[in-house]
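Working notes, beginning with the structure itself.
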Amino acid sequence: MMRRRSFLTALMAGAVAPRLSWADAGSPAILGAAREADGTYALFGLTAQGADTFRIPLPARGHAAAAHPTAPEAVAFARSPGTFALVLNCATGKVMARLHAPQGRHFYGHGTFIADGDILCTSENDYQAGQGRIGLWSRSQGWRRVGEIPTHGTGPHEIRRMPGDVLVAANGGYRNHPDSPGVKLGVAEMRPNLAYVSADGDLLDKVELDESLRLNSIRHIALGRDGLVAFGMQWQGDPAEGVPLMGLHRRGGPAVLDRMPIHEAMAMAGYVGSVAFDATRRQVAISSPRGGRVQIFDDTGGHLRTILREDVCGLAPAGRGFFISDGLGGLTRADDRITPLAKRGGRAWDHHLVPVTA
């Protein structure tokens with residue numbers, strides 16, 4: 001048993017021990033996963049000028065990460081559908097915990113924090129029942145899984161936290177199975193939706209598209225001003241149909257679809273890989289690695305311009321513009337002009353850039 005004096009000494013040491021912040025990890029502006037020239041994978045922290053602040057190895061291909069709101073910690077998710085996620089101390093480079101999806105579940109590559117950073121929420125699939133779930137993991141309890149809530153849809157890909165710990169889930173409409181990663185299950189019965197869910201799992205609102213667009217899988221989410229949500233979609237029909245691929249929605253109202261020129265919609269090849277608002281939240285961008293372009297809109301869905309970039313996908317806010325990454329190792333800033341920030345030979349950025357908001 002610890003003696004009283006030793007206990008008090010330890011208690012006082014803990015009370016004065018400094019808490020680490022994102023400054024201790026080099027003050028990264030964004031996080032991104034990539035494959036390197038030797039075939040290994042890692043999660044990187046990047047400054048607003050594109051310089052690496054840290055590199056932490058990953059055991060396999062990553063997808064996206066969840067950045068803790070204050071501590072220099074990130075949860076790096078496996079490529080969807082994956083079954084592991086790593087909790088990383090970005091200041092020390094150490095793996096703090098390895099999360100495993102429960103039996104009958106897999107992760108979809110995204111997550112977010114609620115409860116002032118104590119609860120990690122992970123988008124998951126119950127692949128036997130074909131129902132979406134949000135897993136709840138407690139940071140203060142050593143990253144123990146403490147429950148799950150429904151997403152009120154099938155195939156939830158990205159989830160984001162809104163004020164009041166409301167979660168908005170992009171329910172893509174079809175299922176996956178970790179034993180067959182490239183196979184889409186249940187496409188013929190797709191009913192994608194955007195669902196708003198309380199931390200207790202109650203459905204607060206849900207929006208679905210018209211029957212003619214039910215093959216538009218809602219996949220990715222960005223948050224704008226005054227509760228505005230932008231969602232990016234992936235069309236499961238003929239990509240030459242040139243359907244809208246970005247929508248805007250506020251709770252209680254209808255979805256508003258983008259007004260992209262038909263030739264640009266067709267050039268997107270039916271695929272949105274990422275979506276982001278700029279820092280002013282007055283412009284929103286979507287990317288297509290298949291189409292090799294980024295489309296930029298105002299916050300009503302009006303098309304502003306197109307940026308051509310081979311194998312482009314990652315997007316994050318950069319002032320009155322966007323950080324843009326591609327599979328050729330390029331990192332670019334696009335605002336009033338296009339500014340190359342870095343290009344690292346042999347590095348292939350994965351689909352997402354994650355802003356660090358601390």
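Simple scheme: letters A, B, ... for chains in structure tokens order, numbers from 1 for residues in each chain, numbers from 1 for ligands in the order shown.
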So that I can check the secondary structure, give me every residue of segment 36-238 of chain A assigned strand (DSSP E) by backbone DSSP, as a ChimeraX atom specification. /A:41-46,52-58,62-67,73-78,84-89,95-100,105-114,119-126,131-138,144-150,156-162,166-171,175-177,180-185,193-197,203-207,216-223,229-235
Closest atom pairs, segment 306-339 of chain A residues within 12 Å of segment 198-221 of chain A, only C-alpha atoms, as a tab-separated table:
```
residue	atom	partner	partner_atom	distance
A:Cys313	CA	A:His220	CA	12.0
A:Gly314	CA	A:His220	CA	11.7
A:Leu315	CA	A:His220	CA	11.4
A:Ala316	CA	A:Ile221	CA	11.8
```
Write out, as a compact mmCIF listing (two decimals), in the first residue's frame, the residues just selected, with N, CA, C and O atoms.
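New file result27.txt:
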```
# COMPACT_ATOMS: atom_id res chain seq x y z
N CYS A 313 -7.96 14.47 -54.05
CA CYS A 313 -9.04 14.03 -53.16
C CYS A 313 -9.10 14.82 -51.86
O CYS A 313 -10.13 15.33 -51.48
N GLY A 314 -7.99 14.92 -51.11
CA GLY A 314 -8.04 15.53 -49.78
C GLY A 314 -8.37 17.01 -49.82
O GLY A 314 -7.84 17.77 -50.64
N LEU A 315 -9.27 17.45 -48.92
CA LEU A 315 -9.67 18.84 -48.80
C LEU A 315 -9.73 19.23 -47.33
O LEU A 315 -10.17 18.45 -46.49
N ALA A 316 -9.32 20.46 -47.04
CA ALA A 316 -9.45 21.02 -45.69
C ALA A 316 -9.47 22.54 -45.81
O ALA A 316 -8.95 23.10 -46.77
```
Segment 153-232 of chain A: residues DSSP assigns to helix (DSSP H, G or I), reported as a PyMOL selection string: chain A and resi 163-165+187-189+211-213+225-227
Keeping only N, CA, C and O atoms, write the selected residues as a short mmCIF file (atom, residue, chain, number, x, y, z; two decimals), in the first residue's frame.
```
data_model
loop_
_atom_site.label_atom_id
_atom_site.label_comp_id
_atom_site.auth_asym_id
_atom_site.auth_seq_id
_atom_site.Cartn_x
_atom_site.Cartn_y
_atom_site.Cartn_z
N PRO A 163 -22.99 21.44 -32.77
CA PRO A 163 -23.18 22.00 -31.43
C PRO A 163 -24.23 21.24 -30.63
O PRO A 163 -25.23 20.77 -31.18
N GLY A 164 -23.98 21.12 -29.33
CA GLY A 164 -24.89 20.37 -28.47
C GLY A 164 -24.68 18.87 -28.53
O GLY A 164 -25.52 18.09 -28.08
N ASP A 165 -23.52 18.45 -29.06
CA ASP A 165 -23.20 17.03 -29.22
C ASP A 165 -24.24 16.29 -30.05
O ASP A 165 -24.52 15.11 -29.83
N VAL A 187 -27.13 -2.74 -53.17
CA VAL A 187 -27.27 -1.52 -53.97
C VAL A 187 -28.69 -1.38 -54.51
O VAL A 187 -29.25 -0.28 -54.57
N ALA A 188 -29.30 -2.50 -54.89
CA ALA A 188 -30.65 -2.44 -55.48
C ALA A 188 -31.68 -1.92 -54.49
O ALA A 188 -32.73 -1.39 -54.89
N GLU A 189 -31.40 -2.05 -53.18
CA GLU A 189 -32.34 -1.59 -52.16
C GLU A 189 -31.89 -0.31 -51.48
O GLU A 189 -32.39 0.05 -50.40
N GLU A 211 -36.74 9.83 -55.23
CA GLU A 211 -36.60 8.46 -55.70
C GLU A 211 -35.63 8.37 -56.88
O GLU A 211 -34.86 7.41 -57.01
N SER A 212 -35.63 9.36 -57.75
CA SER A 212 -34.76 9.33 -58.92
C SER A 212 -33.28 9.40 -58.56
O SER A 212 -32.42 9.08 -59.40
N LEU A 213 -32.98 9.81 -57.34
CA LEU A 213 -31.59 9.93 -56.90
C LEU A 213 -31.25 8.95 -55.78
O LEU A 213 -30.25 9.14 -55.08
N ARG A 225 -21.98 27.46 -41.75
CA ARG A 225 -22.48 28.42 -40.78
C ARG A 225 -23.93 28.11 -40.42
O ARG A 225 -24.70 27.58 -41.22
N ASP A 226 -24.29 28.42 -39.17
CA ASP A 226 -25.69 28.39 -38.74
C ASP A 226 -26.36 27.04 -39.01
O ASP A 226 -27.49 26.97 -39.47
N GLY A 227 -25.63 25.97 -38.72
CA GLY A 227 -26.21 24.63 -38.85
C GLY A 227 -26.26 24.09 -40.26
O GLY A 227 -26.88 23.04 -40.50
#
```
Sort by chain and increasing residue number a table of all residues of segment 223-283 of chain A within 12 Å of segment 148-161 of chain A, each with its closest pair of atoms and their distance in Å to one decimal, counting only C-alpha atoms, and write it as a Markdown table.
```
| residue | atom | partner | partner_atom | distance |
| --- | --- | --- | --- | --- |
| A:Leu223 | CA | A:Arg160 | CA | 8.0 |
| A:Gly224 | CA | A:Arg160 | CA | 11.7 |
| A:Gly227 | CA | A:Arg161 | CA | 11.0 |
| A:Val229 | CA | A:Arg160 | CA | 9.7 |
| A:Ala230 | CA | A:Arg160 | CA | 11.1 |
| A:Phe231 | CA | A:Glu158 | CA | 9.7 |
| A:Gly232 | CA | A:Glu158 | CA | 10.2 |
| A:Met233 | CA | A:His157 | CA | 10.9 |
| A:Gln234 | CA | A:His157 | CA | 11.7 |
| A:Gly273 | CA | A:Glu158 | CA | 11.4 |
| A:Ser274 | CA | A:Glu158 | CA | 10.1 |
| A:Val275 | CA | A:Glu158 | CA | 10.7 |
```
So, with only C-alpha atoms as the atoms that count, which of A:Gly186, A:Gly45, A:Pro102, A:Pro355 lies closest to Phe322 of chain A? A:Pro355
Surrounding residues of segment 287-293 of chain A excluding itself and chain neighbours under 4 positions, 7 Å, only C-alpha atoms, as a list in words: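 Counting only the stated atoms, we get Ala267, Met268, Ala269, Tyr271, Val272, Gly273, Ser274, Val275, Thr306, Ile307, Leu308, Arg309, Glu310, Asp311, Val312 and Cys313 of chain A.
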Include N, CA, C and O atoms and write out the residues we just selected as an mmCIF file, in the first residue's frame.
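Once everything was written out, this is part_9.cif:
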```
data_model
loop_
_atom_site.group_PDB
_atom_site.id
_atom_site.type_symbol
_atom_site.label_atom_id
_atom_site.label_comp_id
_atom_site.auth_asym_id
_atom_site.auth_seq_id
_atom_site.Cartn_x
_atom_site.Cartn_y
_atom_site.Cartn_z
ATOM 1 N N ALA A 267 -17.977 15.101 -65.852
ATOM 2 C CA ALA A 267 -16.533 14.915 -65.707
ATOM 3 C C ALA A 267 -16.151 14.414 -64.321
ATOM 4 O O ALA A 267 -15.052 13.870 -64.136
ATOM 5 N N MET A 268 -17.023 14.570 -63.333
ATOM 6 C CA MET A 268 -16.739 14.081 -61.980
ATOM 7 C C MET A 268 -16.803 12.566 -61.879
ATOM 8 O O MET A 268 -16.440 11.983 -60.852
ATOM 9 N N ALA A 269 -17.293 11.909 -62.926
ATOM 10 C CA ALA A 269 -17.361 10.436 -62.990
ATOM 11 C C ALA A 269 -18.208 9.849 -61.865
ATOM 12 O O ALA A 269 -17.948 8.737 -61.393
ATOM 13 N N TYR A 271 -18.432 10.607 -58.715
ATOM 14 C CA TYR A 271 -17.699 10.270 -57.491
ATOM 15 C C TYR A 271 -17.192 11.517 -56.778
ATOM 16 O O TYR A 271 -16.465 12.327 -57.363
ATOM 17 N N VAL A 272 -17.575 11.661 -55.518
ATOM 18 C CA VAL A 272 -17.006 12.679 -54.624
ATOM 19 C C VAL A 272 -16.195 11.963 -53.555
ATOM 20 O O VAL A 272 -16.709 11.090 -52.847
ATOM 21 N N GLY A 273 -14.924 12.343 -53.431
ATOM 22 C CA GLY A 273 -14.055 11.707 -52.451
ATOM 23 C C GLY A 273 -13.939 12.462 -51.148
ATOM 24 O O GLY A 273 -13.619 11.883 -50.113
ATOM 25 N N SER A 274 -14.211 13.781 -51.166
ATOM 26 C CA SER A 274 -14.100 14.577 -49.955
ATOM 27 C C SER A 274 -14.892 15.861 -50.134
ATOM 28 O O SER A 274 -15.158 16.287 -51.262
ATOM 29 N N VAL A 275 -15.273 16.479 -49.020
ATOM 30 C CA VAL A 275 -16.005 17.745 -49.048
ATOM 31 C C VAL A 275 -15.507 18.598 -47.884
ATOM 32 O O VAL A 275 -15.174 18.073 -46.813
ATOM 33 N N THR A 306 -13.808 25.573 -61.203
ATOM 34 C CA THR A 306 -13.271 24.219 -61.231
ATOM 35 C C THR A 306 -11.753 24.281 -61.182
ATOM 36 O O THR A 306 -11.140 25.122 -61.854
ATOM 37 N N ILE A 307 -11.149 23.418 -60.377
ATOM 38 C CA ILE A 307 -9.688 23.284 -60.326
ATOM 39 C C ILE A 307 -9.333 21.891 -60.832
ATOM 40 O O ILE A 307 -9.862 20.892 -60.322
ATOM 41 N N LEU A 308 -8.465 21.816 -61.810
ATOM 42 C CA LEU A 308 -8.035 20.533 -62.359
ATOM 43 C C LEU A 308 -6.792 20.056 -61.622
ATOM 44 O O LEU A 308 -5.829 20.811 -61.450
ATOM 45 N N ARG A 309 -6.817 18.816 -61.162
ATOM 46 C CA ARG A 309 -5.679 18.247 -60.442
ATOM 47 C C ARG A 309 -5.766 16.725 -60.536
ATOM 48 O O ARG A 309 -6.759 16.121 -60.123
ATOM 49 N N GLU A 310 -4.743 16.087 -61.048
ATOM 50 C CA GLU A 310 -4.754 14.639 -61.218
ATOM 51 C C GLU A 310 -4.805 13.931 -59.867
ATOM 52 O O GLU A 310 -4.096 14.301 -58.935
ATOM 53 N N ASP A 311 -5.666 12.914 -59.775
ATOM 54 C CA ASP A 311 -5.787 12.058 -58.583
ATOM 55 C C ASP A 311 -5.983 12.885 -57.312
ATOM 56 O O ASP A 311 -5.445 12.581 -56.256
ATOM 57 N N VAL A 312 -6.797 13.935 -57.401
ATOM 58 C CA VAL A 312 -7.016 14.825 -56.266
ATOM 59 C C VAL A 312 -8.108 14.259 -55.359
ATOM 60 O O VAL A 312 -9.049 13.637 -55.832
ATOM 61 N N CYS A 313 -7.958 14.467 -54.046
ATOM 62 C CA CYS A 313 -9.040 14.029 -53.158
ATOM 63 C C CYS A 313 -9.095 14.818 -51.857
ATOM 64 O O CYS A 313 -10.131 15.335 -51.482
#
```
When you draw a straight line from atom CA of Gly330 of chain A to atom CA of Ala348 of chain A, how long is it in Å?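 The value is 8.2 Å.
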